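Colleague: First the structure, which I've put down as structure tokens, then a few questions once you've had a look.
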Amino acid sequence: MSYYLNSENHLDPGPIYVRENGQLHMVNLALDGVRSGLQKKRPFRLFPKGFSVELCMNREDDTAQKEKTDHFIFTYTREGNLRYSAKSLFSLVLGFISDNVDHIDSLIGFPEQIAEKLFSAAEARQKFTEPGAGLRALQKFTEAYGSLVLCSLCLRNRYLVISEKLEEIKSFRELTRLDLSCCKLGDEHELLEHLTNEALSSVTQLHLKDNCLSDAGVRKMTAPVRVMKRGLENLALLDLSCNPDITDAGIGYLLSFRKLNCLDISGTGLKDINAVKQKLQTHIGLVHSKVPLKEFDHSNCKTEGWADQIVLQWERVTVEAKKSRKVSEPREATQYFYRKRALVEASRKCPLADSHMNSSGKLQFYKEKTPDCHGPLLKREVTSSQESKKSKKRAFEESEKEQNNSSQSSKQKYVCLAVEDWDLLNSY
């Protein structure tokens with residue numbers, strides 16, 4: 001009791017009872033006066049001792065703030081009050097997977113409907129623009145879904161995107177339309193070699209206008225088709241206009257494209273145009289068009305697929321990176337100025353070439369459609385029967401010639417291939 005009365009930092013033990021003569025008596029009321037005299041007045045505290053308040057504005061990173069608010073949907077009521085609701089479990093799981101999509105082993109066999117939502121979520125988080133991780137994430141989708149990711153790619157006059165995102169562009173598979181016009185690729189560009197890969201064997205429309213191509217580039221592009229019957233064997237439309245280094249010899253390599261229906265060789269370095277017209281008509285059935293064909297106006301070729309907005313993100317990122325680049329030395333500044341001026345002039349060359357071709361005439365070819373054999377006219381049936389007889393005679397004569405020249409067939413096969421062609425085949 002004496003210790004209790006003399007201690008200053010005691011705690012309130014509650015009511016105290018004392019037994020006297022077999023009876024309990026509560027004595028805390030009697031000690032109130034003594035206790036009030038001994039206790040000191042304590043200052044008022046809003047928080048317990050040891051609690052400290054620290055301003056943390058702008059101290060947390062964006063990822064931590066995003067993790068705190070990503071689980072809720074914030075909306076405003078009619079009265080202007082802020083209201084939040086929790087997201088569904090599916091959206092939370094989808095967001096988590098999209099943040100770590102580059103660590104997925106494979107998406108093969110995954111449902112397409114869920115994969116499209118996962119792709120959209122990763123695109124909204126700009127995962128495909130990240131260096132390294134974006135390429136790995138894009139490859140997971142292209143390996144599993146092919147043409148659903150991208151079936152048509154238009155990179156017309158986007159040489160900056162090609163130079164910065166070349167590996168990402170090469171990851172696309174099962175493309176049917178590809179527009180690389182006005183990109184100044186040249187004969188030795190890596191993307192031109194990638195066109196002969198089996199991943200792009202599904203391409204049916206290819207635009208290579210104004211790309212500084214020559215006969216060597218055309219020979220390299222057609223080597224797998226001419227020799228191994230692989231590569232761009234399904235090509236139906238080809239635009240090689242505004243490539244002045246392509247000559248009559250380069251056009252001869254195009255005869256291996258048996259499924260070609262439309263061809264544009266305007267602005268090339270042809271010397272004997274009539275001979276080229278006759279060669280294209282006799283070998284692959286292409287006829288010169290007197291009017292410009294609508295297939296080559298570049299309005300039909302657009303970027304289509306899940307990744308159509310990713311190409312726009314790539315272009316925006318590359319342009320911003322070029323603008324933010326700081327040039328320190330005066331010599332580098334002058335070089336950057338003239339390089340930028342040269343690129344601007346190169347990008348303006350395409351519309352000028354189009355206007356020039358409209359005034360002088362274009363060399364565009366198309367394959368005529370065969371007439372309907374079930375027509376009502378008897379004359380058409382007679383002419384078709386006569387043509388069939390003539391074709392049978394020609395086929396019979398050609399078979400006899402092949403039999404007569406069977407002994408020399410093996411030698412002719414080796415003669416058709418040059419040393420440069422064999423070097424190309426060995427490189428694949």
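The chains in the structure tokens are called A, B, ... from first to last as shown; in each chain the residues are counted from 1, and the ligands are counted from 1 in the order shown.
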Which neighbours of range 144-149 of chain A fall inside 7 Å, counting only C-alpha atoms, when residues of the same chain fewer than 4 positions from it are skipped, and could you give them as a count of residues only?

Modeller: 9

Colleague: Excluding range 110-121 of chain A and residues on its chain fewer than 3 positions from it, collect all residues at most 12 Å away from it, counting only C-alpha atoms, and give them as a ChimeraX atom specification.

Modeller: /A:90-102,104-107,124-128,134,137-150,305-310

Colleague: Please provide the set of residues having any atom within 7 Å of Leu206 in chain A, restricted to only C-alpha atoms, with same-chain residues fewer than 5 positions apart removed, written as a PyMOL selection string.

Modeller: chain A and resi 177-179+237-239

Colleague: Could you check the closest approach to Leu166 in chain A for each of A:Cys182, A:Val311, A:Leu213, A:Leu293 and tell me which residue wins, using only C-alpha atoms?

Modeller: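 Using only C-alpha atoms, the shortest distance to Leu166 in chain A belongs to A:Val311.
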
Colleague: Just the number, please: distance in Å from CA of Cys154 in chain A to CA of Asn234 in chain A, one decimal.

Modeller: 18.9 Å

Colleague: When DSSP works through the backbone of this structure, what residues of range 184-317 of chain A end up as helix (DSSP H, G or I), shown as a count of residues only?

Modeller: 56

Colleague: Quick one: of A:Lys277, A:His207, A:Lys323, A:Arg136, who's nearest to Ser152 in chain A, counting only C-alpha atoms?

Modeller: A:His207

Colleague: Restricting the calculation to only C-alpha atoms, which member of A:Leu180, A:Ala199, A:Leu155, A:Val161 is positioned closest to Thr129 in chain A?

Modeller: A:Val161

Colleague: Using only C-alpha atoms, which residues sit within 12 Å of Val287 in chain A once same-chain residues fewer than 3 positions away are excluded, as a PyMOL selection string?

Modeller: chain A and resi 260-264+274+276-284+290-291+363-369

Colleague: Please dump the current selection as a PDB file, in the first residue's frame; keep N, CA and C atoms.

Modeller:
```pdb
ATOM      1  N   LEU A 260       0.508 -14.790-109.537  1.00  0.00           N
ATOM      2  CA  LEU A 260       0.479 -13.331-109.578  1.00  0.00           C
ATOM      3  C   LEU A 260      -0.657 -12.848-110.473  1.00  0.00           C
ATOM      4  N   ASN A 261      -1.507 -11.976-109.928  1.00  0.00           N
ATOM      5  CA  ASN A 261      -2.647 -11.422-110.666  1.00  0.00           C
ATOM      6  C   ASN A 261      -2.475  -9.947-111.004  1.00  0.00           C
ATOM      7  N   CYS A 262      -1.718  -9.204-110.192  1.00  0.00           N
ATOM      8  CA  CYS A 262      -1.525  -7.772-110.417  1.00  0.00           C
ATOM      9  C   CYS A 262      -0.053  -7.445-110.187  1.00  0.00           C
ATOM     10  N   LEU A 263       0.499  -6.633-111.097  1.00  0.00           N
ATOM     11  CA  LEU A 263       1.914  -6.260-111.030  1.00  0.00           C
ATOM     12  C   LEU A 263       2.068  -4.814-111.458  1.00  0.00           C
ATOM     13  N   ASP A 264       2.858  -4.060-110.701  1.00  0.00           N
ATOM     14  CA  ASP A 264       3.140  -2.657-111.015  1.00  0.00           C
ATOM     15  C   ASP A 264       4.651  -2.483-111.087  1.00  0.00           C
ATOM     16  N   ASN A 274       8.273  -3.351-124.718  1.00  0.00           N
ATOM     17  CA  ASN A 274       7.420  -4.266-125.482  1.00  0.00           C
ATOM     18  C   ASN A 274       7.809  -5.719-125.252  1.00  0.00           C
ATOM     19  N   VAL A 276       9.163  -6.911-122.536  1.00  0.00           N
ATOM     20  CA  VAL A 276       8.739  -7.263-121.182  1.00  0.00           C
ATOM     21  C   VAL A 276       7.242  -7.540-121.156  1.00  0.00           C
ATOM     22  N   LYS A 277       6.458  -6.744-121.871  1.00  0.00           N
ATOM     23  CA  LYS A 277       5.011  -6.974-121.928  1.00  0.00           C
ATOM     24  C   LYS A 277       4.706  -8.337-122.531  1.00  0.00           C
ATOM     25  N   GLN A 278       5.396  -8.664-123.622  1.00  0.00           N
ATOM     26  CA  GLN A 278       5.168  -9.949-124.263  1.00  0.00           C
ATOM     27  C   GLN A 278       5.592 -11.119-123.370  1.00  0.00           C
ATOM     28  N   LYS A 279       6.673 -10.947-122.646  1.00  0.00           N
ATOM     29  CA  LYS A 279       7.150 -12.013-121.766  1.00  0.00           C
ATOM     30  C   LYS A 279       6.180 -12.251-120.610  1.00  0.00           C
ATOM     31  N   LEU A 280       5.664 -11.178-120.006  1.00  0.00           N
ATOM     32  CA  LEU A 280       4.717 -11.331-118.904  1.00  0.00           C
ATOM     33  C   LEU A 280       3.403 -11.952-119.358  1.00  0.00           C
ATOM     34  N   GLN A 281       2.988 -11.632-120.587  1.00  0.00           N
ATOM     35  CA  GLN A 281       1.724 -12.171-121.077  1.00  0.00           C
ATOM     36  C   GLN A 281       1.836 -13.650-121.446  1.00  0.00           C
ATOM     37  N   THR A 282       2.936 -14.046-122.013  1.00  0.00           N
ATOM     38  CA  THR A 282       3.085 -15.432-122.454  1.00  0.00           C
ATOM     39  C   THR A 282       3.391 -16.383-121.309  1.00  0.00           C
ATOM     40  N   HIS A 283       4.115 -15.945-120.304  1.00  0.00           N
ATOM     41  CA  HIS A 283       4.548 -16.849-119.247  1.00  0.00           C
ATOM     42  C   HIS A 283       3.560 -16.932-118.087  1.00  0.00           C
ATOM     43  N   ILE A 284       3.073 -15.799-117.594  1.00  0.00           N
ATOM     44  CA  ILE A 284       2.162 -15.826-116.432  1.00  0.00           C
ATOM     45  C   ILE A 284       0.809 -15.179-116.736  1.00  0.00           C
ATOM     46  N   LYS A 290      -4.444  -0.255-119.534  1.00  0.00           N
ATOM     47  CA  LYS A 290      -4.392   1.100-120.087  1.00  0.00           C
ATOM     48  C   LYS A 290      -4.838   2.156-119.079  1.00  0.00           C
ATOM     49  N   VAL A 291      -5.525   1.753-118.054  1.00  0.00           N
ATOM     50  CA  VAL A 291      -5.990   2.676-117.010  1.00  0.00           C
ATOM     51  C   VAL A 291      -5.345   2.262-115.688  1.00  0.00           C
ATOM     52  N   LEU A 363       3.007   1.355-115.875  1.00  0.00           N
ATOM     53  CA  LEU A 363       3.187  -0.014-116.347  1.00  0.00           C
ATOM     54  C   LEU A 363       2.580  -0.952-115.311  1.00  0.00           C
ATOM     55  N   GLN A 364       1.274  -1.074-115.394  1.00  0.00           N
ATOM     56  CA  GLN A 364       0.538  -1.938-114.487  1.00  0.00           C
ATOM     57  C   GLN A 364      -0.087  -3.080-115.277  1.00  0.00           C
ATOM     58  N   PHE A 365      -0.019  -4.272-114.704  1.00  0.00           N
ATOM     59  CA  PHE A 365      -0.481  -5.471-115.394  1.00  0.00           C
ATOM     60  C   PHE A 365      -1.486  -6.202-114.517  1.00  0.00           C
ATOM     61  N   TYR A 366      -2.401  -6.878-115.175  1.00  0.00           N
ATOM     62  CA  TYR A 366      -3.419  -7.653-114.482  1.00  0.00           C
ATOM     63  C   TYR A 366      -3.692  -8.916-115.276  1.00  0.00           C
ATOM     64  N   LYS A 367      -4.289  -9.889-114.613  1.00  0.00           N
ATOM     65  CA  LYS A 367      -4.630 -11.155-115.266  1.00  0.00           C
ATOM     66  C   LYS A 367      -6.100 -11.151-115.615  1.00  0.00           C
ATOM     67  N   GLU A 368      -6.383 -11.390-116.876  1.00  0.00           N
ATOM     68  CA  GLU A 368      -7.762 -11.367-117.343  1.00  0.00           C
ATOM     69  C   GLU A 368      -8.530 -12.564-116.780  1.00  0.00           C
ATOM     70  N   LYS A 369      -9.797 -12.299-116.474  1.00  0.00           N
ATOM     71  CA  LYS A 369     -10.645 -13.368-115.974  1.00  0.00           C
ATOM     72  C   LYS A 369     -11.119 -14.240-117.126  1.00  0.00           C
TER      73      LYS A 369
END
```

Colleague: List every residue of range 88-231 of chain A that DSSP, applied to the backbone of this structure, assigns to strand (DSSP E or B), and report them as a PyMOL selection string.

Modeller: chain A and resi 152-154+177-179+205-207+214

Colleague: Report as number ranges by chain all protein, DNA and RNA residues lying within 9 Å of Val218 in chain A, evaluated on only C-alpha atoms, omitting residues in the same chain fewer than 2 positions from it.

Modeller: A: 187, 213-216, 220-223, 246, 250-251, 253-254

Colleague: Name the closest residue to Cys183 in chain A among the candidates A:Ala86, A:Cys242, A:Leu235, A:Asn197; distances are taken between atoms, counting only C-alpha atoms.

Modeller: A:Cys242

Colleague: Could you state the separation of CA of Leu240 in chain A and CA of Trp314 in chain A in Å, given to one decimal place?

Modeller: 26.4 Å

Colleague: Provide the CA of Lys271 in chain A to CA of Arg226 in chain A distance in Å, to one decimal place.

Modeller: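 Rounded to one decimal, the two atoms are 23.9 Å apart.
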